[in-house]
Structure formats: C-alpha cells, structure tokens
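What follows is a single structure, written as structure tokens, with notes after it.
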Amino acid sequence: MADFNPALSRRNLLAGAAAGGFGIMSSPLLAQPMVDLGLPGKPSRRPLTRAFPQKGEMILQRMRPPLLETPMEVFDKHILTPNDQFYVRWHWANIPESVDASSFRLTVRGHVDRTVELTLHDLLHGFEPIEYVAVNQCSGNSRGLFVPSVPGAEWGHGAMGNARWTGVRLRDVLGQAGVKAGAVDVRFGGLDEALVAEAPKFRKSLSVDHARDGEVMIAYAMNGEAMPLLNGFPLRLIVPGWYSTYWVKMLCDIEVLPGKDDNFWMAKAYQVPTTPFGDVPAGTSDYAKEPINKMVPRSLITNLAEGQKVTAGAPLMLSGIAMGGDCGVAKVEISTDGGKSWQLAALGEDLGPYSFRRFTHRLALPAGKGRITCRCTNTRGVSQPLGMNWNPGGYMRAGVETVTVMAGGKA
Amino acid sequence: MMSKLFPAIAGLGLVLMAPAFASVPEHRQPTALGRPVPPPMLRSVTVSLPQDFDQDYPKGEYVDAVNANCRACHSTSMVLMQPPLSAEEWHKEVRKMIDVYKAPIPEDQVEAITRYLASLSKGGA
C-alpha cells in the first residue's frame with residue numbers, strides 16, 4: 001500500500017473525503033483544501049494553493065523559495081502540461097519580481113572570441129527558431145516516496161511537466177561569440193541570486209560538446225506563450241533528456257570555461273551513484289559519484305487513485321503517462337500479478353522522443369484487492385526496474401509503480 | 001548568423017534546413033520550424049510573490065532560536081515536511097545551512113536549533 005502515490009484526481013479526492021478515506025481535508029480555520037501525497041513515514045498532506053502569480057491550482061510544498069507541485073489530475077487531463085500548472089522549483093528566494101523586456105540582456109562571455117550581449121529582440125529575430133516537446137523533471141521528483149526516507153524536498157510524483165519549447169539553438173548563440181579552442185564546459189546562470197553574498201549562486205554547466213549538439217535550446221516560449229516568471233521568464237535553458245537541474249531559469253549569463261566547472265552546484269550538489277538508475281543499497285553512502293545527467297524511463301497510471309473502488313469483472317480503462325528518459329517510449333506494459341506476466345498497453349500520439357506518451361489499457365479485475373503495475377521500456381531497450389532504486393540524495397526514482405484498487409460488486 | 005533571410009527561406013521548409021542537423025542522429029533531430037513563426041510577445045512582467053516571514057514554528061523548547069534563525073531564507077514547511085531525522089542528522093542539516101549556504105546563524109545557537117528539530121522529529125515540539 002505504501003509504495004504508490006495515489007493518482008489524485010479532484011473527483012477522487014472528494015470521493016475519498018466523502019467516504020472518510022484518504023485525500024482531501026479542510027482546515028476549519030483557513031478552509032484550505034489539502035491533498036495527501038501518500039508519502040510513507042513522513043508528513044504527507046499538503047495544501048493546495050492559488051496564491052502564486054501566473055499559476056493556477058498547485059500543491060504547496062514550500063512558499064519560499066517556491067516549490068509548487070503539479071497535481072496528478074493535470075497529467076491525466078493533458079499530455080502537454082499547461083503553463084499555469086507546470087511545477088515550480090527554486091533554490092534561492094532572491095527571485096526578481098520584475099523583468100524588463102527591453103533592458104534584459106543575455107551575455108555570452110568567458111573563453112570566447114568576443115563577449116556578446118543579446119536583447120530579447122536579437123534572440124527572437126536574429127536566429128533560426130527551433131521547437132520540440134520535452135519533459136522537464138526535477139532530479140528529486142518523487143523523493144517523498146523513498147523508503148527509507150531521505151531529507152530534501154519531499155515531492156510526490158508532480159515535480160515534472162511536459163511542454164512544447166520554442167527558442168534558438170544554444171550552438172548558434174555560442175557561435176556568435178566564437179568558442180575558443182580548449183573550451184571544456186559552458187556554465188549557465190540566471191537572474192536569481194543567493195540571499196547571502198558569499199553563498200553559492202545557482203549555476204550549472206554542460207560540456208562544450210553537449211552545449212553545441214544542436215539540440216540544447218535557449219527557449220523564449222513554452223506551449224506557444226511567454227513562460228510564467230516562476231518557470232523562467234524570459235529565457236530558459238532546455239536540455240532535452242536531462243534532469244531539470246540543468247534547465248536554468250531566467251537565463252541571463254553564459255560563460256564558456258577553459259576547464260571543468262568545479263562550482264558547488266556541479267561538484268558537490270546533485271551527485272548520484274554511477275550505477276544504473278543511480279541505485280545503491282539503502283543506507284549506503286560510500287560509492288562512486290557523478291553529477292546527475294540523463295533521465296531514465298518512467299510510467300505512471302494517472303486515472304486511478306490508491307485505494308479506489310472499482311467494479312469487479314467490469315471493463316476498467318487504465319490511462320497513464322510514460323517517458324523514455326533520454327529517448328522515446330518503445331512500449332508500456334501492464335501487470336496485475338506482481339510482474340509475473342505483462343500485457344502491452346496501447347500508446348497514444350508520438351510527440352517526439354523527449355515527450356510524455358499517453359498509454360491506455362483495458363482490463364477486468366476479479367473481486368478483491370487488485371494491484372496494477374505499469375512498466376515503460378524506452379527505445380534504447382532500457383526498462384524500468386521491478387525493484388525500486390534508491391540513493392541517499394533521493395534522485396532518479398524510476399522503479400515500476402503500482403496502484404492498488406479494491407474490486408467489488410456493483411454499487 | 002543574423003538570419004534576416006529566415007522568413008524568406010522558411011517557406012521552403014525542412015528541406016533547406018536539413019543539412020544543419022547533419023551531426024545529430026536522425027531520431028534525435030529537433031524540429032526546425034518550417035514556417036515563419038510569429039514570436040511570442042515578450043512583454044515586461046511584474047509579479048508579487050507571496051511571503052510568509054511571519055509564520056512561526058510550532059511551539060516547543062528552543063523555538064525562539066528556530067524562529068530567529070530559520071525563517072529568513074525559507075518557509076517553515078521546508079523543515080516541517082521532512083521525515084523524522086535523528087539529532088545527528090539534524091545537526092548535519094544545520095551545519096549545511098551555515099557552512100554551505102552561509103546562513104548567518106551564531107554558533108551558540110546551533111545546539112538549541114538542533115535540539116528543537118530533533119524533538120520535532122520525536123513528535124515533541
């Protein structure tokens with residue numbers, strides 16, 4: 001029971017509350033609706049909030065610096081996550097509340113032939129635009145479900161989103177500055193600043209080859225619109241197939257480095273075991289580490305909540321989302337016997353290798369407790385592991401997820 | 001690089017642009033927009049982010065030390081949503097705030113803060 005986060009549709013929540021079960025609770029003082037993320041062994045309830053600018057209803061993990069989680073029902077409704085319900089994650093609370101579109105500059109500097117300062121107009125009109133759909137997922141998405149627990153942002157499954165990004169190739173922008181021979185890394189910084197001057201400003205780097213692969217994008221639009229300030233307005237780095245820690249928001253500074261970036265956020269934070277899926281035995285802390293990088297396959301059932309009642313013997317339509325990680329989805333399979341046998345789910349429209357892919361499957365359950373597991377295999381042939389991966393940072397959760405439903409007689 | 005010609009060639013679509021992707025494997029090629037794109041209007045934006053500096057930690061022994069030192073940088077929920085941690089683990093978190101994130105916490109407050117947090121984990125506080 002404890003290993004799956006309920007697919008929390010609003011309807012299910014209300015039903016759960018009416019039945020006296022899990023889910024929505026109202027604080028009599030604030031009349032603030034709550035959601036239960038099903039996090040084992042730790043506080044699990046969070047308020048829903050509409051207090052943030054340009055954002056609709058979000059799960060409030062932390063007001064300052066903002067951590068806002070996307071409710072599961074959003075993934076059930078939309079394959080492209082709406083901008084106003086796209087999750088939000090900031091490291092420092094020193095976020096500009098105002099961005100002037102005409103005075104904003106993106107600087108490219110460092111180990112280059114010439115420092116370049118670009119206006120938004122330059123970026124919109126001076127480079128060939130590109131566009132693709134890509135999943136943005138927090139390195140620590142689903143950390144709250146880790147067993148044993150690890151400290152950090154205790155997310156459910158909603159620290160991710162899928163959007164159509166439009167912008168320009170980072171390669172083209174670097175080309176305008178002229179990358180000098182001997183460049184090693186390219187470092188990215190945003191308008192946000194640390195609260196204390198000596199504290200490490202949030203900055204991330206990619207290898208110069210990765211930065212120039214023609215895919216990494218400086219985006220100015222998200223689902224066809226300017227992005228919400230909390231999602232990075234006016235510019236965000238898009239690193240398709242890689243965890244969101246590299247997708248620097250409010251991107252304003254690009255620095256080409258002649259050596260490896262050893263800043264705190266690359267060398268100390270966001271380190272994962274070098275093993276497949278970053279998996280080490282629970283409790284381990286001594287292992288070879290590397291900066292987190294490519295995403296791995298995942299899949300989630302989005303239309304059933306943990307503990308939901310269904311009718312035994314009647315057709316039950318499953319719906320969910322899958323991602324291949326750093327490539328496309330090859331297949332999604334469903335098991336109702338703990339992984340002994342699998343049935344192929346149907347896949348929805350292919351929006352490209354980095355997008356979510358809808359899957360659906362019809363089944364009928366015998367009376368009693370039904371455990372439904374989904375497993376994604378990506379186009380590189382990598383499948384989600386049947387056992388849950390674990391590491392002390394709470395990163396890269398990717399084992400198969402199971403939802404337990406109660407199949408009973410007709411109501 | 002300043003492709004003023006783009007709108008003119010864009011109508012010809014992907015055919016003209018294909019060579020630009022020669023170095024990217026086919027299945028990973030990004031979609032170039034084979035049409036003139038009306039760029040989104042990037043208007044200046046001003047927002048107001050909600051604040052909660054005045055939110056107190058739950059009452060308990062040493063709560064004053066926590067209220068005095070642990071509200072400037074982050075919400076109380078960052079602490080209150082954590083799994084139960086031992087005093088040793090909480091001490092590590094407090095040290096990280098000071099040593100890595102440079103929180104201006106007086107050294108003589110570390111013990112009190114750690115004790116409060118540990119008792120919170122035991123369901124006290």
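We label chains A, B, ... in the order they appear in the structure tokens, count residues from 1 in each chain, and number ligands from 1 in the order shown.
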Please provide as a compact mmCIF listing (two decimals) with all heavy atoms, in the first residue's frame all residues within 8 Å of segment 42-53 of chain B, with the sequence filter that same-chain residues fewer than 3 positions apart are discarded (counting only C-alpha atoms).
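To be explicit, this is the file written out as part36.txt:
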# COMPACT_ATOMS: atom_id res chain seq x y z
N ALA A 51 -2.09 30.96 -4.73
CA ALA A 51 -1.52 32.24 -4.29
C ALA A 51 -0.39 32.75 -5.18
O ALA A 51 0.11 33.85 -4.97
CB ALA A 51 -1.01 32.11 -2.85
N PHE A 52 0.03 31.96 -6.15
CA PHE A 52 1.22 32.35 -6.92
C PHE A 52 0.87 32.99 -8.26
O PHE A 52 -0.03 32.51 -8.95
CB PHE A 52 2.15 31.14 -7.11
CG PHE A 52 2.84 30.77 -5.83
CD1 PHE A 52 2.20 30.01 -4.86
CD2 PHE A 52 4.12 31.23 -5.58
CE1 PHE A 52 2.82 29.70 -3.66
CE2 PHE A 52 4.75 30.92 -4.38
CZ PHE A 52 4.10 30.17 -3.42
N PRO A 53 1.61 34.04 -8.62
CA PRO A 53 1.28 34.77 -9.84
C PRO A 53 1.46 33.89 -11.08
O PRO A 53 2.42 33.12 -11.16
CB PRO A 53 2.30 35.92 -9.86
CG PRO A 53 3.42 35.46 -8.98
CD PRO A 53 2.79 34.60 -7.93
N MET A 63 6.52 27.74 0.32
CA MET A 63 6.22 29.05 -0.25
C MET A 63 7.50 29.77 -0.68
O MET A 63 7.55 30.42 -1.71
CB MET A 63 5.45 29.88 0.77
CG MET A 63 5.02 31.24 0.25
SD MET A 63 3.85 32.06 1.33
CE MET A 63 2.31 31.25 0.87
N ARG A 64 8.57 29.59 0.13
CA ARG A 64 9.76 30.42 -0.06
C ARG A 64 11.02 29.62 0.20
O ARG A 64 11.17 29.10 1.30
CB ARG A 64 9.65 31.57 0.95
CG ARG A 64 10.48 32.77 0.77
CD ARG A 64 9.97 33.86 1.70
NE ARG A 64 9.62 33.35 3.02
CZ ARG A 64 10.50 33.22 4.01
NH1 ARG A 64 11.74 33.58 3.88
NH2 ARG A 64 10.12 32.73 5.19
N GLU A 97 11.12 40.04 -9.03
CA GLU A 97 9.67 40.03 -9.26
C GLU A 97 9.30 40.86 -10.49
O GLU A 97 8.13 40.99 -10.82
CB GLU A 97 8.95 40.57 -8.01
CG GLU A 97 9.09 39.63 -6.82
CD GLU A 97 8.33 40.12 -5.60
OE1 GLU A 97 8.63 41.25 -5.14
OE2 GLU A 97 7.46 39.39 -5.12
N SER A 98 10.33 41.41 -11.11
CA SER A 98 10.08 42.24 -12.27
C SER A 98 11.17 41.98 -13.31
O SER A 98 12.35 41.94 -12.96
CB SER A 98 10.09 43.70 -11.82
OG SER A 98 9.47 44.49 -12.79
N VAL A 99 10.77 41.77 -14.56
CA VAL A 99 11.74 41.63 -15.64
C VAL A 99 11.35 42.61 -16.74
O VAL A 99 10.23 42.55 -17.24
CB VAL A 99 11.78 40.19 -16.19
CG1 VAL A 99 12.74 40.09 -17.37
CG2 VAL A 99 12.16 39.19 -15.11
N ASP A 100 12.28 43.49 -17.08
CA ASP A 100 12.02 44.47 -18.13
C ASP A 100 12.47 43.90 -19.47
O ASP A 100 13.65 43.62 -19.68
CB ASP A 100 12.78 45.76 -17.82
CG ASP A 100 12.45 46.85 -18.84
OD1 ASP A 100 12.96 46.77 -19.98
OD2 ASP A 100 11.68 47.75 -18.50
N ALA A 101 11.51 43.74 -20.36
CA ALA A 101 11.80 43.05 -21.63
C ALA A 101 12.76 43.84 -22.51
O ALA A 101 13.52 43.24 -23.28
CB ALA A 101 10.50 42.78 -22.37
N SER A 102 12.77 45.15 -22.41
CA SER A 102 13.63 45.91 -23.33
C SER A 102 15.06 46.04 -22.79
O SER A 102 16.00 46.10 -23.58
CB SER A 102 13.03 47.28 -23.62
OG SER A 102 12.81 47.97 -22.42
N LEU A 120 16.31 40.52 -26.15
CA LEU A 120 15.27 39.55 -26.50
C LEU A 120 14.93 39.67 -27.98
O LEU A 120 14.67 38.68 -28.65
CB LEU A 120 14.03 39.78 -25.62
CG LEU A 120 14.23 39.43 -24.15
CD1 LEU A 120 12.96 39.74 -23.35
CD2 LEU A 120 14.62 37.97 -23.96
N ALA A 226 4.88 33.20 -23.84
CA ALA A 226 5.95 33.56 -22.92
C ALA A 226 5.77 32.74 -21.65
O ALA A 226 4.65 32.47 -21.24
CB ALA A 226 5.88 35.05 -22.60
N LEU A 229 6.80 33.75 -15.06
CA LEU A 229 8.04 34.19 -14.40
C LEU A 229 8.62 33.06 -13.55
O LEU A 229 9.84 32.81 -13.57
CB LEU A 229 7.75 35.43 -13.56
CG LEU A 229 8.96 36.02 -12.82
CD1 LEU A 229 8.98 37.54 -12.94
CD2 LEU A 229 8.97 35.62 -11.35
N PRO A 234 12.53 35.58 -18.80
CA PRO A 234 12.06 35.46 -20.19
C PRO A 234 12.71 34.30 -20.97
O PRO A 234 12.20 33.94 -22.01
CB PRO A 234 12.50 36.79 -20.81
CG PRO A 234 13.76 37.15 -20.06
CD PRO A 234 13.59 36.61 -18.66
N ARG B 71 13.96 31.49 9.45
CA ARG B 71 12.83 31.98 8.65
C ARG B 71 13.26 32.94 7.54
O ARG B 71 12.46 33.23 6.65
CB ARG B 71 11.81 32.68 9.55
CG ARG B 71 11.12 31.71 10.49
CD ARG B 71 9.94 32.34 11.16
NE ARG B 71 10.31 33.48 11.98
CZ ARG B 71 9.47 34.15 12.76
NH1 ARG B 71 8.20 33.80 12.80
NH2 ARG B 71 9.88 35.16 13.47
N ALA B 72 14.50 33.42 7.60
CA ALA B 72 14.91 34.42 6.62
C ALA B 72 15.03 33.83 5.22
O ALA B 72 14.65 34.46 4.24
CB ALA B 72 16.24 35.04 7.04
N SER B 75 10.69 28.95 4.06
CA SER B 75 9.45 28.73 4.80
C SER B 75 9.64 27.67 5.88
O SER B 75 10.51 26.80 5.76
CB SER B 75 8.36 28.22 3.86
OG SER B 75 8.07 29.17 2.87
**OP:** Using only C-alpha atoms, determine which residues of chain A fall within 8 Å of chain B; present them as number ranges by chain.
**Re:** A: 41-44, 51-53, 61-65, 92-93, 97-102, 120, 124-132, 149-154, 172, 176, 195-196, 198-200, 213-215, 220-221, 224-226, 229, 234, 327, 353
Original post:
Leaving out Asp84 of chain A and any residue of its chain fewer than 2 positions from it, which residues lie within 10 Å of it when counting only C-alpha atoms, given as a list of chain:residue names?
Top reply: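 Final neighbour list, sorted by chain and number: A:Phe52, A:Pro53, A:Gln54, A:Lys55, A:Gly56, A:Glu57, A:Met58, A:Thr70, A:Thr81, A:Pro82, A:Phe86, A:Tyr87, A:Met227, A:Pro228, A:Leu230, A:Asn231.
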With N, CA, C and O atoms retained, could you export that selection as a short mmCIF file (atom, residue, chain, number, x, y, z; two decimals), in the first residue's frame?
data_model
loop_
_atom_site.label_atom_id
_atom_site.label_comp_id
_atom_site.auth_asym_id
_atom_site.auth_seq_id
_atom_site.Cartn_x
_atom_site.Cartn_y
_atom_site.Cartn_z
N PHE A 52 0.03 31.96 -6.15
CA PHE A 52 1.22 32.35 -6.92
C PHE A 52 0.87 32.99 -8.26
O PHE A 52 -0.03 32.51 -8.95
N PRO A 53 1.61 34.04 -8.62
CA PRO A 53 1.28 34.77 -9.84
C PRO A 53 1.46 33.89 -11.08
O PRO A 53 2.42 33.12 -11.16
N GLN A 54 0.55 34.02 -12.01
CA GLN A 54 0.57 33.31 -13.29
C GLN A 54 0.42 31.80 -13.13
O GLN A 54 0.70 31.04 -14.05
N LYS A 55 0.03 31.35 -11.93
CA LYS A 55 -0.14 29.93 -11.69
C LYS A 55 -1.57 29.65 -11.23
O LYS A 55 -2.17 30.46 -10.50
N GLY A 56 -2.09 28.51 -11.66
CA GLY A 56 -3.39 28.07 -11.19
C GLY A 56 -3.24 27.25 -9.92
O GLY A 56 -2.32 27.49 -9.12
N GLU A 57 -4.10 26.26 -9.75
CA GLU A 57 -4.05 25.47 -8.51
C GLU A 57 -2.84 24.54 -8.49
O GLU A 57 -2.63 23.75 -9.40
N MET A 58 -2.06 24.68 -7.45
CA MET A 58 -0.82 23.90 -7.31
C MET A 58 -0.75 23.33 -5.90
O MET A 58 -1.35 23.86 -4.96
N THR A 70 2.77 19.86 -9.35
CA THR A 70 1.63 19.70 -10.24
C THR A 70 0.73 18.57 -9.75
O THR A 70 1.22 17.46 -9.53
N THR A 81 1.61 19.79 -20.36
CA THR A 81 1.21 20.37 -19.09
C THR A 81 0.96 21.86 -19.25
O THR A 81 1.84 22.58 -19.74
N PRO A 82 -0.21 22.34 -18.87
CA PRO A 82 -0.48 23.78 -19.02
C PRO A 82 0.53 24.61 -18.22
O PRO A 82 0.95 24.22 -17.13
N PHE A 86 2.29 24.05 -14.37
CA PHE A 86 3.62 23.42 -14.51
C PHE A 86 4.38 23.63 -13.20
O PHE A 86 4.39 24.72 -12.65
N TYR A 87 5.03 22.58 -12.72
CA TYR A 87 5.65 22.65 -11.39
C TYR A 87 6.74 23.73 -11.35
O TYR A 87 7.25 24.18 -12.38
N MET A 227 6.89 32.28 -21.05
CA MET A 227 6.71 31.41 -19.88
C MET A 227 6.40 32.22 -18.62
O MET A 227 6.78 33.38 -18.53
N PRO A 228 5.67 31.59 -17.68
CA PRO A 228 5.44 32.28 -16.42
C PRO A 228 6.79 32.65 -15.78
O PRO A 228 7.77 31.92 -15.95
N LEU A 230 7.77 32.35 -12.84
CA LEU A 230 8.27 31.30 -11.95
C LEU A 230 8.80 30.08 -12.71
O LEU A 230 9.45 29.22 -12.13
N ASN A 231 8.51 29.98 -14.00
CA ASN A 231 9.08 28.92 -14.81
C ASN A 231 10.26 29.41 -15.65
O ASN A 231 10.77 28.69 -16.50
#
Original post:
Please, what distance in Å, to one decimal, runs between atom CA of Leu106 of chain A and atom CA of Asn94 of chain A?
Top reply: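 Here the two named atoms are 19.1 Å from each other.
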**OP:** Using only C-alpha atoms, determine which residues lie at most 8 Å from Ile218 of chain A, disregarding the query and same-chain residues fewer than 3 positions distant; provide the list as a list in words.
**Re:**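 Result of the neighbour search: Gly167, Val168, Arg169, Leu170, Leu235, Arg236, Leu237 and Ile238 of chain A.
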Kindly save the residues from that selection, with N, CA and C atoms included, as a compact mmCIF listing (two decimals), in the first residue's frame.
# COMPACT_ATOMS: atom_id res chain seq x y z
N GLY A 167 12.52 28.24 -29.25
CA GLY A 167 13.63 29.13 -28.97
C GLY A 167 14.69 29.01 -30.04
N VAL A 168 15.93 29.18 -29.62
CA VAL A 168 17.05 29.12 -30.57
C VAL A 168 18.08 28.12 -30.07
N ARG A 169 18.89 27.62 -30.99
CA ARG A 169 19.93 26.67 -30.60
C ARG A 169 21.01 27.38 -29.77
N LEU A 170 21.36 26.77 -28.66
CA LEU A 170 22.49 27.27 -27.89
C LEU A 170 23.75 27.31 -28.78
N LEU A 235 13.82 33.76 -20.46
CA LEU A 235 14.56 32.73 -21.19
C LEU A 235 14.88 31.56 -20.26
N ARG A 236 14.80 30.37 -20.81
CA ARG A 236 15.16 29.20 -20.03
C ARG A 236 15.99 28.26 -20.89
N LEU A 237 17.01 27.67 -20.27
CA LEU A 237 17.80 26.67 -20.99
C LEU A 237 17.01 25.36 -21.02
N ILE A 238 16.93 24.75 -22.19
CA ILE A 238 16.23 23.47 -22.36
C ILE A 238 17.28 22.42 -22.71
**OP:** Could you tell me how far atom CA of Gly368 of chain A lies from atom CA of Val405 of chain A, in Å and to one decimal?
**Re:**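 Interatomic distance here is 8.4 Å.
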Subject >> Which of A:Lys180, A:Arg171, A:Arg89, A:Arg358 sits closest to Thr115 of chain A [using only C-alpha atoms] >> reply: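 Checking each candidate against Thr115 of chain A, we get A:Lys180 as the closest.
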Original post:
Residues of segment 248-355 of chain A in strand (DSSP E or B) according to DSSP, as a ChimeraX atom specification?
Top reply: /A:251-257,271-273,289-291,294,298-301,309-311,316-323,329-335,343-344,346-347
Writer output for current selection, N, CA and C atoms, as a short mmCIF file (atom, residue, chain, number, x, y, z; two decimals), in the first residue's frame:
data_model
loop_
_atom_site.label_atom_id
_atom_site.label_comp_id
_atom_site.auth_asym_id
_atom_site.auth_seq_id
_atom_site.Cartn_x
_atom_site.Cartn_y
_atom_site.Cartn_z
N LEU A 251 17.51 32.62 -17.62
CA LEU A 251 18.89 32.56 -18.12
C LEU A 251 19.37 33.93 -18.61
N CYS A 252 20.48 34.40 -18.03
CA CYS A 252 21.00 35.71 -18.45
C CYS A 252 22.50 35.70 -18.64
N ASP A 253 23.15 34.60 -18.25
CA ASP A 253 24.61 34.58 -18.29
C ASP A 253 25.12 33.22 -18.78
N ILE A 254 25.91 33.25 -19.85
CA ILE A 254 26.52 32.04 -20.39
C ILE A 254 28.02 32.27 -20.40
N GLU A 255 28.73 31.39 -19.71
CA GLU A 255 30.17 31.58 -19.53
C GLU A 255 30.90 30.34 -20.05
N VAL A 256 31.71 30.52 -21.06
CA VAL A 256 32.49 29.41 -21.60
C VAL A 256 33.76 29.28 -20.76
N LEU A 257 34.01 28.06 -20.27
CA LEU A 257 35.12 27.84 -19.34
C LEU A 257 36.23 27.03 -20.01
N GLN A 271 24.77 15.02 -6.89
CA GLN A 271 25.63 13.89 -7.23
C GLN A 271 24.83 12.59 -7.08
N VAL A 272 25.02 11.69 -8.04
CA VAL A 272 24.33 10.39 -7.97
C VAL A 272 25.36 9.27 -8.10
N PRO A 273 25.01 8.08 -7.60
CA PRO A 273 25.90 6.94 -7.82
C PRO A 273 26.05 6.68 -9.32
N LYS A 289 30.62 8.63 -7.45
CA LYS A 289 29.57 9.61 -7.76
C LYS A 289 29.85 10.33 -9.08
N GLU A 290 28.78 10.87 -9.64
CA GLU A 290 28.89 11.76 -10.80
C GLU A 290 27.73 12.75 -10.75
N PRO A 291 27.89 13.88 -11.42
CA PRO A 291 26.74 14.80 -11.49
C PRO A 291 25.58 14.10 -12.19
N LYS A 294 21.48 12.15 -17.56
CA LYS A 294 20.34 11.75 -18.39
C LYS A 294 19.19 11.18 -17.56
N ARG A 298 10.19 6.17 -17.12
CA ARG A 298 9.20 6.11 -16.03
C ARG A 298 7.81 5.96 -16.63
N SER A 299 6.88 5.48 -15.84
CA SER A 299 5.47 5.46 -16.24
C SER A 299 4.60 5.52 -14.99
N LEU A 300 3.45 6.14 -15.14
CA LEU A 300 2.52 6.31 -14.02
C LEU A 300 1.10 6.16 -14.52
N ILE A 301 0.28 5.45 -13.76
CA ILE A 301 -1.15 5.42 -14.03
C ILE A 301 -1.74 6.70 -13.45
N LYS A 309 -12.19 2.35 -5.36
CA LYS A 309 -13.10 1.22 -5.55
C LYS A 309 -13.45 1.12 -7.03
N VAL A 310 -13.38 -0.11 -7.56
CA VAL A 310 -13.79 -0.35 -8.95
C VAL A 310 -14.72 -1.57 -8.94
N THR A 311 -15.40 -1.78 -10.07
CA THR A 311 -16.36 -2.89 -10.13
C THR A 311 -15.68 -4.15 -10.64
N LEU A 316 -12.30 -2.11 -17.11
CA LEU A 316 -11.67 -0.98 -16.41
C LEU A 316 -10.64 -0.39 -17.37
N MET A 317 -10.80 0.87 -17.72
CA MET A 317 -9.87 1.50 -18.65
C MET A 317 -8.79 2.22 -17.86
N LEU A 318 -7.54 1.80 -18.06
CA LEU A 318 -6.41 2.47 -17.43
C LEU A 318 -5.89 3.54 -18.36
N SER A 319 -5.44 4.64 -17.78
CA SER A 319 -4.79 5.67 -18.57
C SER A 319 -3.59 6.17 -17.79
N GLY A 320 -2.54 6.48 -18.51
CA GLY A 320 -1.35 6.96 -17.81
C GLY A 320 -0.39 7.67 -18.74
N ILE A 321 0.75 8.06 -18.18
CA ILE A 321 1.78 8.72 -18.99
C ILE A 321 3.10 7.97 -18.82
N ALA A 322 3.88 7.97 -19.90
CA ALA A 322 5.19 7.32 -19.88
C ALA A 322 6.19 8.26 -20.52
N MET A 323 7.45 8.09 -20.12
CA MET A 323 8.55 8.83 -20.75
C MET A 323 9.73 7.88 -20.89
N VAL A 329 9.65 6.39 -26.06
CA VAL A 329 9.00 5.25 -25.41
C VAL A 329 8.82 4.15 -26.46
N ALA A 330 9.33 2.94 -26.19
CA ALA A 330 9.12 1.82 -27.11
C ALA A 330 7.84 1.09 -26.76
N LYS A 331 7.62 0.84 -25.47
CA LYS A 331 6.38 0.15 -25.07
C LYS A 331 6.10 0.39 -23.60
N VAL A 332 4.82 0.22 -23.26
CA VAL A 332 4.40 0.23 -21.86
C VAL A 332 3.62 -1.05 -21.64
N GLU A 333 3.93 -1.75 -20.55
CA GLU A 333 3.25 -2.99 -20.24
C GLU A 333 2.56 -2.89 -18.89
N ILE A 334 1.52 -3.68 -18.75
CA ILE A 334 0.71 -3.68 -17.52
C ILE A 334 0.75 -5.08 -16.92
N SER A 335 0.92 -5.14 -15.61
CA SER A 335 0.84 -6.42 -14.91
C SER A 335 -0.13 -6.31 -13.75
N GLN A 343 1.01 -7.40 -20.09
CA GLN A 343 0.22 -7.16 -21.30
C GLN A 343 0.60 -5.80 -21.87
N LEU A 344 0.65 -5.73 -23.21
CA LEU A 344 1.03 -4.48 -23.86
C LEU A 344 -0.10 -3.45 -23.77
N ALA A 346 -1.76 0.20 -25.11
CA ALA A 346 -1.78 0.98 -26.36
C ALA A 346 -1.11 2.32 -26.10
N LEU A 347 -0.33 2.77 -27.09
CA LEU A 347 0.34 4.06 -26.95
C LEU A 347 -0.39 5.14 -27.71
#
**OP:** Write out as a ChimeraX atom specification the residues lying within 6 Å of Gly394 of chain A, counting only C-alpha atoms and excluding same-chain residues fewer than 3 positions away.
**Re:** /A:140,143,391
Mind writing the picked residues with all heavy atoms as a PDB file, in the first residue's frame?
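File written: again16.pdb
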ATOM      1  N   GLY A 140      14.860  15.290  -8.120  1.00  0.00           N
ATOM      2  CA  GLY A 140      14.317  14.678  -6.909  1.00  0.00           C
ATOM      3  C   GLY A 140      12.821  14.412  -6.987  1.00  0.00           C
ATOM      4  O   GLY A 140      12.180  14.236  -5.947  1.00  0.00           O
ATOM      5  N   ARG A 143      10.776  12.107  -4.482  1.00  0.00           N
ATOM      6  CA  ARG A 143      11.659  11.814  -3.343  1.00  0.00           C
ATOM      7  C   ARG A 143      10.880  11.425  -2.089  1.00  0.00           C
ATOM      8  O   ARG A 143      11.317  10.594  -1.299  1.00  0.00           O
ATOM      9  CB  ARG A 143      12.547  13.007  -3.023  1.00  0.00           C
ATOM     10  CG  ARG A 143      13.504  12.750  -1.858  1.00  0.00           C
ATOM     11  CD  ARG A 143      14.316  13.968  -1.450  1.00  0.00           C
ATOM     12  NE  ARG A 143      15.350  14.280  -2.421  1.00  0.00           N
ATOM     13  CZ  ARG A 143      15.382  15.382  -3.148  1.00  0.00           C
ATOM     14  NH1 ARG A 143      14.446  16.310  -2.999  1.00  0.00           N
ATOM     15  NH2 ARG A 143      16.345  15.589  -4.022  1.00  0.00           N
ATOM     16  N   ASN A 391      18.885   5.965  -3.527  1.00  0.00           N
ATOM     17  CA  ASN A 391      20.186   6.590  -3.230  1.00  0.00           C
ATOM     18  C   ASN A 391      19.928   7.670  -2.189  1.00  0.00           C
ATOM     19  O   ASN A 391      18.799   8.149  -2.035  1.00  0.00           O
ATOM     20  CB  ASN A 391      20.844   7.148  -4.512  1.00  0.00           C
ATOM     21  CG  ASN A 391      19.927   8.102  -5.245  1.00  0.00           C
ATOM     22  OD1 ASN A 391      19.610   9.175  -4.744  1.00  0.00           O
ATOM     23  ND2 ASN A 391      19.475   7.702  -6.434  1.00  0.00           N
TER      24      ASN A 391
END
**OP:** Just give me the gap between atom CA of Leu117 of chain B and atom CA of Pro71 of chain A in Å, one decimal is fine.
**Re:** 29.3 Å
Original post:
So which one's closest to Ala407 of chain A, A:Cys374, A:Ala181, A:Leu386, A:Ala312? Using only C-alpha atoms, please.
Top reply: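 Among the listed residues, A:Ala312 lies closest to Ala407 of chain A.
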Original post:
DSSP says alpha helix (DSSP H) for which residues of segment 24-104 of chain B? Put them as a PyMOL selection string?
Top reply: chain B and resi 63-69+77-80+87-99
